[in-house]
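Here is the structure we will look at.
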Amino acid sequence: MVDFAVSPGKNAWLRQKMTELNILEKDILEKFVRSSGNGGQKVNKTASCVYLKHLPTGTEVKCMKDRSQSVNRFLARRELADKIERLTMGQESSAARIVMKIRKQKSKRKKRALKAHGGVEDMEDMESVENAEDVEAREDEEDGKMPGKE
């Protein structure tokens with residue numbers, strides 16, 4: 001794999017992540033497209049937007065966060081690795097663990113607030129609140145929403 005215009009540590013991390021997920025460079029279709037948005041004439045004249053497609057899974061990523069093509073190549077590969085990780089690992093992926101951690105924190109805050117402000121009289125009421133939150137979280141997952149977002 002090519003070294004990108006980021007720190008050696010980030011390059012090493014990306015190599016390791018792609019190796020763990022069995023993502024090979026030969027399986028990635030890479031195209032460079034002209035960007036749009038902020039950046040002025042520089043962005044409009046150069047093909048700094050990076051499009052990647054992982055051929056075995058069909059996963060596509062388009063990245064135009066930076067004016068530098070090399071940085072965008074790194075960022076696109078990082079996004080691709082994250083997407084493939086979520087596809088293959090599901091609940092065990094790092095993104096899913098972060099979502100579960102946030103849900104747990106919100107649940108604790110809600111319980112504390114209800115208890116402090118007299119919203120829940122006893123533990124039976126507390127359990128019904130927890131069950132309602134679980135049902136709501138599952139419905140959000142089915143709808144494809146992020147937890148806590150409308």
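The chains in the structure tokens are called A, B, ... from first to last as shown; in each chain the residues are counted from 1, and the ligands are counted from 1 in the order shown.
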
Tell me, which residues of region 6-136 of chain A carry DSSP alpha helix (DSSP H), written as a PDB file with N, CA and C atoms, in the first residue's frame?
ATOM      1  N   PRO A   8       3.156   8.709   9.929  1.00  0.00           N
ATOM      2  CA  PRO A   8       3.487   7.292   9.774  1.00  0.00           C
ATOM      3  C   PRO A   8       2.628   6.381  10.662  1.00  0.00           C
ATOM      4  N   GLY A   9       2.265   6.870  11.837  1.00  0.00           N
ATOM      5  CA  GLY A   9       1.416   6.089  12.736  1.00  0.00           C
ATOM      6  C   GLY A   9       0.044   5.827  12.132  1.00  0.00           C
ATOM      7  N   LYS A  10      -0.526   6.849  11.495  1.00  0.00           N
ATOM      8  CA  LYS A  10      -1.837   6.681  10.866  1.00  0.00           C
ATOM      9  C   LYS A  10      -1.748   5.750   9.665  1.00  0.00           C
ATOM     10  N   ASN A  11      -0.660   5.850   8.901  1.00  0.00           N
ATOM     11  CA  ASN A  11      -0.459   4.930   7.780  1.00  0.00           C
ATOM     12  C   ASN A  11      -0.374   3.495   8.278  1.00  0.00           C
ATOM     13  N   ALA A  12       0.368   3.279   9.358  1.00  0.00           N
ATOM     14  CA  ALA A  12       0.528   1.933   9.927  1.00  0.00           C
ATOM     15  C   ALA A  12      -0.812   1.416  10.445  1.00  0.00           C
ATOM     16  N   TRP A  13      -1.569   2.273  11.115  1.00  0.00           N
ATOM     17  CA  TRP A  13      -2.874   1.887  11.644  1.00  0.00           C
ATOM     18  C   TRP A  13      -3.799   1.442  10.512  1.00  0.00           C
ATOM     19  N   LEU A  14      -3.811   2.211   9.400  1.00  0.00           N
ATOM     20  CA  LEU A  14      -4.676   1.874   8.272  1.00  0.00           C
ATOM     21  C   LEU A  14      -4.269   0.537   7.662  1.00  0.00           C
ATOM     22  N   ARG A  15      -2.972   0.316   7.496  1.00  0.00           N
ATOM     23  CA  ARG A  15      -2.485  -0.958   6.961  1.00  0.00           C
ATOM     24  C   ARG A  15      -2.947  -2.122   7.832  1.00  0.00           C
ATOM     25  N   GLN A  16      -2.809  -1.949   9.151  1.00  0.00           N
ATOM     26  CA  GLN A  16      -3.195  -2.999  10.093  1.00  0.00           C
ATOM     27  C   GLN A  16      -4.701  -3.272  10.021  1.00  0.00           C
ATOM     28  N   LYS A  17      -5.494  -2.215   9.995  1.00  0.00           N
ATOM     29  CA  LYS A  17      -6.963  -2.345   9.948  1.00  0.00           C
ATOM     30  C   LYS A  17      -7.401  -3.063   8.667  1.00  0.00           C
ATOM     31  N   MET A  18      -6.783  -2.687   7.537  1.00  0.00           N
ATOM     32  CA  MET A  18      -7.149  -3.313   6.272  1.00  0.00           C
ATOM     33  C   MET A  18      -6.725  -4.782   6.247  1.00  0.00           C
ATOM     34  N   THR A  19      -5.605  -5.095   6.877  1.00  0.00           N
ATOM     35  CA  THR A  19      -5.151  -6.475   6.950  1.00  0.00           C
ATOM     36  C   THR A  19      -6.098  -7.301   7.818  1.00  0.00           C
ATOM     37  N   GLU A  20      -6.515  -6.751   8.954  1.00  0.00           N
ATOM     38  CA  GLU A  20      -7.448  -7.447   9.852  1.00  0.00           C
ATOM     39  C   GLU A  20      -8.756  -7.785   9.146  1.00  0.00           C
ATOM     40  N   GLY A  40     -12.500  26.783  -3.487  1.00  0.00           N
ATOM     41  CA  GLY A  40     -12.284  27.725  -4.571  1.00  0.00           C
ATOM     42  C   GLY A  40     -11.759  27.096  -5.844  1.00  0.00           C
ATOM     43  N   GLN A  41     -10.967  27.882  -6.570  1.00  0.00           N
ATOM     44  CA  GLN A  41     -10.473  27.470  -7.876  1.00  0.00           C
ATOM     45  C   GLN A  41      -9.638  26.194  -7.790  1.00  0.00           C
ATOM     46  N   LYS A  42      -8.880  26.047  -6.728  1.00  0.00           N
ATOM     47  CA  LYS A  42      -8.018  24.871  -6.545  1.00  0.00           C
ATOM     48  C   LYS A  42      -8.842  23.581  -6.622  1.00  0.00           C
ATOM     49  N   VAL A  43      -9.965  23.551  -5.924  1.00  0.00           N
ATOM     50  CA  VAL A  43     -10.812  22.366  -5.895  1.00  0.00           C
ATOM     51  C   VAL A  43     -11.496  22.161  -7.246  1.00  0.00           C
ATOM     52  N   ASN A  44     -11.897  23.239  -7.887  1.00  0.00           N
ATOM     53  CA  ASN A  44     -12.622  23.138  -9.150  1.00  0.00           C
ATOM     54  C   ASN A  44     -11.741  22.662 -10.291  1.00  0.00           C
ATOM     55  N   LYS A  45     -10.445  22.890 -10.216  1.00  0.00           N
ATOM     56  CA  LYS A  45      -9.533  22.539 -11.312  1.00  0.00           C
ATOM     57  C   LYS A  45      -8.891  21.167 -11.155  1.00  0.00           C
ATOM     58  N   GLN A  69      -5.440  15.462  -2.499  1.00  0.00           N
ATOM     59  CA  GLN A  69      -5.863  14.156  -2.987  1.00  0.00           C
ATOM     60  C   GLN A  69      -5.314  13.030  -2.115  1.00  0.00           C
ATOM     61  N   SER A  70      -4.075  13.175  -1.677  1.00  0.00           N
ATOM     62  CA  SER A  70      -3.451  12.137  -0.864  1.00  0.00           C
ATOM     63  C   SER A  70      -4.171  11.954   0.478  1.00  0.00           C
ATOM     64  N   VAL A  71      -4.527  13.054   1.110  1.00  0.00           N
ATOM     65  CA  VAL A  71      -5.256  12.974   2.383  1.00  0.00           C
ATOM     66  C   VAL A  71      -6.637  12.364   2.143  1.00  0.00           C
ATOM     67  N   ASN A  72      -7.292  12.752   1.050  1.00  0.00           N
ATOM     68  CA  ASN A  72      -8.598  12.189   0.731  1.00  0.00           C
ATOM     69  C   ASN A  72      -8.512  10.687   0.452  1.00  0.00           C
ATOM     70  N   ARG A  73      -7.426  10.233  -0.134  1.00  0.00           N
ATOM     71  CA  ARG A  73      -7.234   8.796  -0.375  1.00  0.00           C
ATOM     72  C   ARG A  73      -7.172   8.057   0.963  1.00  0.00           C
ATOM     73  N   PHE A  74      -6.446   8.624   1.923  1.00  0.00           N
ATOM     74  CA  PHE A  74      -6.355   8.014   3.257  1.00  0.00           C
ATOM     75  C   PHE A  74      -7.732   7.994   3.924  1.00  0.00           C
ATOM     76  N   LEU A  75      -8.419   9.141   3.913  1.00  0.00           N
ATOM     77  CA  LEU A  75      -9.719   9.248   4.574  1.00  0.00           C
ATOM     78  C   LEU A  75     -10.749   8.306   3.943  1.00  0.00           C
ATOM     79  N   ALA A  76     -10.713   8.175   2.621  1.00  0.00           N
ATOM     80  CA  ALA A  76     -11.653   7.289   1.929  1.00  0.00           C
ATOM     81  C   ALA A  76     -11.402   5.837   2.318  1.00  0.00           C
ATOM     82  N   ARG A  77     -10.134   5.445   2.415  1.00  0.00           N
ATOM     83  CA  ARG A  77      -9.818   4.071   2.818  1.00  0.00           C
ATOM     84  C   ARG A  77     -10.241   3.816   4.265  1.00  0.00           C
ATOM     85  N   ARG A  78     -10.081   4.825   5.118  1.00  0.00           N
ATOM     86  CA  ARG A  78     -10.499   4.682   6.510  1.00  0.00           C
ATOM     87  C   ARG A  78     -12.015   4.492   6.588  1.00  0.00           C
ATOM     88  N   GLU A  79     -12.770   5.301   5.823  1.00  0.00           N
ATOM     89  CA  GLU A  79     -14.224   5.166   5.804  1.00  0.00           C
ATOM     90  C   GLU A  79     -14.645   3.813   5.247  1.00  0.00           C
ATOM     91  N   LEU A  80     -13.956   3.363   4.196  1.00  0.00           N
ATOM     92  CA  LEU A  80     -14.260   2.069   3.603  1.00  0.00           C
ATOM     93  C   LEU A  80     -14.040   0.945   4.613  1.00  0.00           C
ATOM     94  N   ALA A  81     -12.926   1.008   5.331  1.00  0.00           N
ATOM     95  CA  ALA A  81     -12.629  -0.008   6.349  1.00  0.00           C
ATOM     96  C   ALA A  81     -13.707  -0.004   7.443  1.00  0.00           C
ATOM     97  N   ASP A  82     -14.152   1.173   7.861  1.00  0.00           N
ATOM     98  CA  ASP A  82     -15.195   1.262   8.880  1.00  0.00           C
ATOM     99  C   ASP A  82     -16.516   0.661   8.384  1.00  0.00           C
ATOM    100  N   LYS A  83     -16.870   0.968   7.131  1.00  0.00           N
ATOM    101  CA  LYS A  83     -18.112   0.434   6.570  1.00  0.00           C
ATOM    102  C   LYS A  83     -18.065  -1.088   6.484  1.00  0.00           C
ATOM    103  N   ILE A  84     -16.938  -1.612   6.015  1.00  0.00           N
ATOM    104  CA  ILE A  84     -16.811  -3.061   5.878  1.00  0.00           C
ATOM    105  C   ILE A  84     -16.812  -3.727   7.250  1.00  0.00           C
ATOM    106  N   GLU A  85     -16.206  -3.072   8.237  1.00  0.00           N
ATOM    107  CA  GLU A  85     -16.218  -3.615   9.602  1.00  0.00           C
ATOM    108  C   GLU A  85     -17.643  -3.707  10.126  1.00  0.00           C
ATOM    109  N   ARG A  86     -18.436  -2.661   9.899  1.00  0.00           N
ATOM    110  CA  ARG A  86     -19.834  -2.688  10.355  1.00  0.00           C
ATOM    111  C   ARG A  86     -20.621  -3.771   9.632  1.00  0.00           C
ATOM    112  N   LEU A  87     -20.337  -3.964   8.333  1.00  0.00           N
ATOM    113  CA  LEU A  87     -21.027  -4.997   7.567  1.00  0.00           C
ATOM    114  C   LEU A  87     -20.708  -6.399   8.076  1.00  0.00           C
ATOM    115  N   THR A  88     -19.430  -6.664   8.303  1.00  0.00           N
ATOM    116  CA  THR A  88     -19.004  -8.012   8.644  1.00  0.00           C
ATOM    117  C   THR A  88     -19.190  -8.335  10.119  1.00  0.00           C
ATOM    118  N   MET A  89     -18.933  -7.376  10.992  1.00  0.00           N
ATOM    119  CA  MET A  89     -18.942  -7.664  12.430  1.00  0.00           C
ATOM    120  C   MET A  89     -20.253  -7.319  13.108  1.00  0.00           C
ATOM    121  N   SER A  94     -16.632  -1.569  16.209  1.00  0.00           N
ATOM    122  CA  SER A  94     -16.333  -0.468  17.125  1.00  0.00           C
ATOM    123  C   SER A  94     -17.443   0.583  17.103  1.00  0.00           C
ATOM    124  N   ALA A  95     -18.034   0.832  15.935  1.00  0.00           N
ATOM    125  CA  ALA A  95     -19.117   1.812  15.836  1.00  0.00           C
ATOM    126  C   ALA A  95     -20.337   1.349  16.641  1.00  0.00           C
ATOM    127  N   ALA A  96     -20.652   0.068  16.558  1.00  0.00           N
ATOM    128  CA  ALA A  96     -21.800  -0.456  17.303  1.00  0.00           C
ATOM    129  C   ALA A  96     -21.553  -0.393  18.808  1.00  0.00           C
ATOM    130  N   ARG A  97     -20.309  -0.643  19.226  1.00  0.00           N
ATOM    131  CA  ARG A  97     -19.990  -0.560  20.656  1.00  0.00           C
ATOM    132  C   ARG A  97     -20.151   0.872  21.161  1.00  0.00           C
ATOM    133  N   ILE A  98     -19.767   1.852  20.354  1.00  0.00           N
ATOM    134  CA  ILE A  98     -19.909   3.259  20.746  1.00  0.00           C
ATOM    135  C   ILE A  98     -21.385   3.610  20.902  1.00  0.00           C
ATOM    136  N   VAL A  99     -22.225   3.146  19.968  1.00  0.00           N
ATOM    137  CA  VAL A  99     -23.662   3.410  20.042  1.00  0.00           C
ATOM    138  C   VAL A  99     -24.252   2.795  21.309  1.00  0.00           C
ATOM    139  N   MET A 100     -23.851   1.560  21.613  1.00  0.00           N
ATOM    140  CA  MET A 100     -24.362   0.905  22.819  1.00  0.00           C
ATOM    141  C   MET A 100     -23.913   1.631  24.085  1.00  0.00           C
ATOM    142  N   LYS A 101     -22.680   2.128  24.086  1.00  0.00           N
ATOM    143  CA  LYS A 101     -22.172   2.861  25.243  1.00  0.00           C
ATOM    144  C   LYS A 101     -22.981   4.144  25.459  1.00  0.00           C
ATOM    145  N   ILE A 102     -23.269   4.850  24.384  1.00  0.00           N
ATOM    146  CA  ILE A 102     -24.053   6.080  24.481  1.00  0.00           C
ATOM    147  C   ILE A 102     -25.453   5.775  24.995  1.00  0.00           C
ATOM    148  N   ARG A 103     -26.064   4.696  24.492  1.00  0.00           N
ATOM    149  CA  ARG A 103     -27.395   4.303  24.963  1.00  0.00           C
ATOM    150  C   ARG A 103     -27.406   4.037  26.460  1.00  0.00           C
ATOM    151  N   LYS A 104     -26.374   3.329  26.907  1.00  0.00           N
ATOM    152  CA  LYS A 104     -26.269   2.993  28.329  1.00  0.00           C
ATOM    153  C   LYS A 104     -26.138   4.257  29.176  1.00  0.00           C
ATOM    154  N   GLN A 105     -25.293   5.199  28.705  1.00  0.00           N
ATOM    155  CA  GLN A 105     -25.108   6.449  29.441  1.00  0.00           C
ATOM    156  C   GLN A 105     -26.418   7.232  29.530  1.00  0.00           C
ATOM    157  N   LYS A 106     -27.134   7.316  28.415  1.00  0.00           N
ATOM    158  CA  LYS A 106     -28.401   8.054  28.409  1.00  0.00           C
ATOM    159  C   LYS A 106     -29.418   7.404  29.332  1.00  0.00           C
ATOM    160  N   SER A 107     -29.419   6.078  29.348  1.00  0.00           N
ATOM    161  CA  SER A 107     -30.340   5.362  30.215  1.00  0.00           C
ATOM    162  C   SER A 107     -30.053   5.668  31.687  1.00  0.00           C
ATOM    163  N   LYS A 108     -28.761   5.660  32.049  1.00  0.00           N
ATOM    164  CA  LYS A 108     -28.384   5.976  33.430  1.00  0.00           C
ATOM    165  C   LYS A 108     -28.786   7.397  33.797  1.00  0.00           C
ATOM    166  N   ARG A 109     -28.530   8.335  32.896  1.00  0.00           N
ATOM    167  CA  ARG A 109     -28.892   9.738  33.166  1.00  0.00           C
ATOM    168  C   ARG A 109     -30.396   9.874  33.367  1.00  0.00           C
ATOM    169  N   LYS A 110     -31.147   9.194  32.518  1.00  0.00           N
ATOM    170  CA  LYS A 110     -32.601   9.296  32.597  1.00  0.00           C
ATOM    171  C   LYS A 110     -33.106   8.733  33.926  1.00  0.00           C
ATOM    172  N   LYS A 111     -32.547   7.595  34.340  1.00  0.00           N
ATOM    173  CA  LYS A 111     -32.945   6.993  35.620  1.00  0.00           C
ATOM    174  C   LYS A 111     -32.636   7.933  36.776  1.00  0.00           C
ATOM    175  N   ARG A 112     -31.414   8.518  36.751  1.00  0.00           N
ATOM    176  CA  ARG A 112     -31.031   9.440  37.827  1.00  0.00           C
ATOM    177  C   ARG A 112     -31.955  10.647  37.868  1.00  0.00           C
ATOM    178  N   ALA A 113     -32.274  11.193  36.711  1.00  0.00           N
ATOM    179  CA  ALA A 113     -33.143  12.372  36.648  1.00  0.00           C
ATOM    180  C   ALA A 113     -34.543  12.046  37.150  1.00  0.00           C
ATOM    181  N   LEU A 114     -35.059  10.902  36.733  1.00  0.00           N
ATOM    182  CA  LEU A 114     -36.398  10.518  37.186  1.00  0.00           C
ATOM    183  C   LEU A 114     -36.429  10.284  38.685  1.00  0.00           C
ATOM    184  N   LYS A 115     -35.389   9.658  39.191  1.00  0.00           N
ATOM    185  CA  LYS A 115     -35.322   9.376  40.623  1.00  0.00           C
ATOM    186  C   LYS A 115     -35.170  10.675  41.426  1.00  0.00           C
ATOM    187  N   ALA A 116     -34.361  11.589  40.949  1.00  0.00           N
ATOM    188  CA  ALA A 116     -34.107  12.850  41.652  1.00  0.00           C
ATOM    189  C   ALA A 116     -35.330  13.767  41.658  1.00  0.00           C
ATOM    190  N   MET A 123     -38.970   0.733  42.287  1.00  0.00           N
ATOM    191  CA  MET A 123     -38.146   0.062  41.281  1.00  0.00           C
ATOM    192  C   MET A 123     -38.985  -0.586  40.181  1.00  0.00           C
ATOM    193  N   GLU A 124     -40.225  -0.949  40.457  1.00  0.00           N
ATOM    194  CA  GLU A 124     -41.077  -1.530  39.412  1.00  0.00           C
ATOM    195  C   GLU A 124     -41.319  -0.507  38.307  1.00  0.00           C
ATOM    196  N   ASP A 125     -41.559   0.752  38.708  1.00  0.00           N
ATOM    197  CA  ASP A 125     -41.729   1.815  37.725  1.00  0.00           C
ATOM    198  C   ASP A 125     -40.437   2.029  36.936  1.00  0.00           C
ATOM    199  N   MET A 126     -39.286   1.922  37.616  1.00  0.00           N
ATOM    200  CA  MET A 126     -37.985   2.094  36.978  1.00  0.00           C
ATOM    201  C   MET A 126     -37.782   1.028  35.895  1.00  0.00           C
ATOM    202  N   GLU A 127     -38.172  -0.218  36.214  1.00  0.00           N
ATOM    203  CA  GLU A 127     -38.016  -1.301  35.241  1.00  0.00           C
ATOM    204  C   GLU A 127     -38.918  -1.085  34.039  1.00  0.00           C
ATOM    205  N   SER A 128     -40.119  -0.557  34.241  1.00  0.00           N
ATOM    206  CA  SER A 128     -41.008  -0.306  33.106  1.00  0.00           C
ATOM    207  C   SER A 128     -40.436   0.797  32.206  1.00  0.00           C
ATOM    208  N   VAL A 129     -39.759   1.782  32.808  1.00  0.00           N
ATOM    209  CA  VAL A 129     -39.103   2.833  32.028  1.00  0.00           C
ATOM    210  C   VAL A 129     -37.984   2.225  31.195  1.00  0.00           C
ATOM    211  N   GLU A 130     -37.183   1.334  31.802  1.00  0.00           N
ATOM    212  CA  GLU A 130     -36.085   0.685  31.073  1.00  0.00           C
ATOM    213  C   GLU A 130     -36.615  -0.143  29.922  1.00  0.00           C
ATOM    214  N   ASN A 131     -37.698  -0.897  30.148  1.00  0.00           N
ATOM    215  CA  ASN A 131     -38.283  -1.722  29.089  1.00  0.00           C
ATOM    216  C   ASN A 131     -38.790  -0.857  27.944  1.00  0.00           C
ATOM    217  N   ALA A 132     -39.401   0.275  28.268  1.00  0.00           N
ATOM    218  CA  ALA A 132     -39.892   1.184  27.234  1.00  0.00           C
ATOM    219  C   ALA A 132     -38.732   1.733  26.408  1.00  0.00           C
ATOM    220  N   GLU A 133     -37.607   2.033  27.083  1.00  0.00           N
ATOM    221  CA  GLU A 133     -36.439   2.529  26.363  1.00  0.00           C
ATOM    222  C   GLU A 133     -35.880   1.465  25.427  1.00  0.00           C
ATOM    223  N   ASP A 134     -35.849   0.201  25.877  1.00  0.00           N
ATOM    224  CA  ASP A 134     -35.355  -0.893  25.041  1.00  0.00           C
ATOM    225  C   ASP A 134     -36.217  -1.064  23.801  1.00  0.00           C
ATOM    226  N   VAL A 135     -37.534  -1.007  23.979  1.00  0.00           N
ATOM    227  CA  VAL A 135     -38.453  -1.142  22.849  1.00  0.00           C
ATOM    228  C   VAL A 135     -38.236   0.007  21.868  1.00  0.00           C
ATOM    229  N   GLU A 136     -38.090   1.220  22.410  1.00  0.00           N
ATOM    230  CA  GLU A 136     -37.870   2.399  21.567  1.00  0.00           C
ATOM    231  C   GLU A 136     -36.554   2.282  20.796  1.00  0.00           C
TER     232      GLU A 136
END

Would you kindly return, as a PDB file with C-alpha atoms, in the first residue's frame, each protein, DNA or RNA residue with an atom no farther than 9 Å from any atom of Ser35 (chain A), considering only C-alpha atoms and excluding same-chain residues fewer than 3 positions away?
ATOM      1  CA  ASN A  38     -15.348  24.903  -0.455  1.00  0.00           C
ATOM      2  CA  GLY A  39     -11.803  25.311  -1.713  1.00  0.00           C
ATOM      3  CA  VAL A  43     -10.812  22.366  -5.895  1.00  0.00           C
ATOM      4  CA  ASN A  44     -12.622  23.138  -9.150  1.00  0.00           C
ATOM      5  CA  LYS A  45      -9.533  22.539 -11.312  1.00  0.00           C
ATOM      6  CA  THR A  46      -8.046  19.420  -9.718  1.00  0.00           C
ATOM      7  CA  ALA A  47      -9.447  15.931  -9.259  1.00  0.00           C
ATOM      8  CA  SER A  48      -9.016  15.757  -5.491  1.00  0.00           C
ATOM      9  CA  CYS A  49     -12.232  13.854  -4.724  1.00  0.00           C
ATOM     10  CA  VAL A  50     -11.605  10.120  -4.233  1.00  0.00           C
ATOM     11  CA  CYS A  63     -14.443  11.419   0.023  1.00  0.00           C
ATOM     12  CA  MET A  64     -13.791  15.105  -0.616  1.00  0.00           C
ATOM     13  CA  ARG A  67      -8.136  19.812  -0.778  1.00  0.00           C
TER      14      ARG A  67
END

### Length of the CA of Val6 (chain A) to CA of Gly90 (chain A) vector [Å]
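These two atoms are separated by 28.8 Å.
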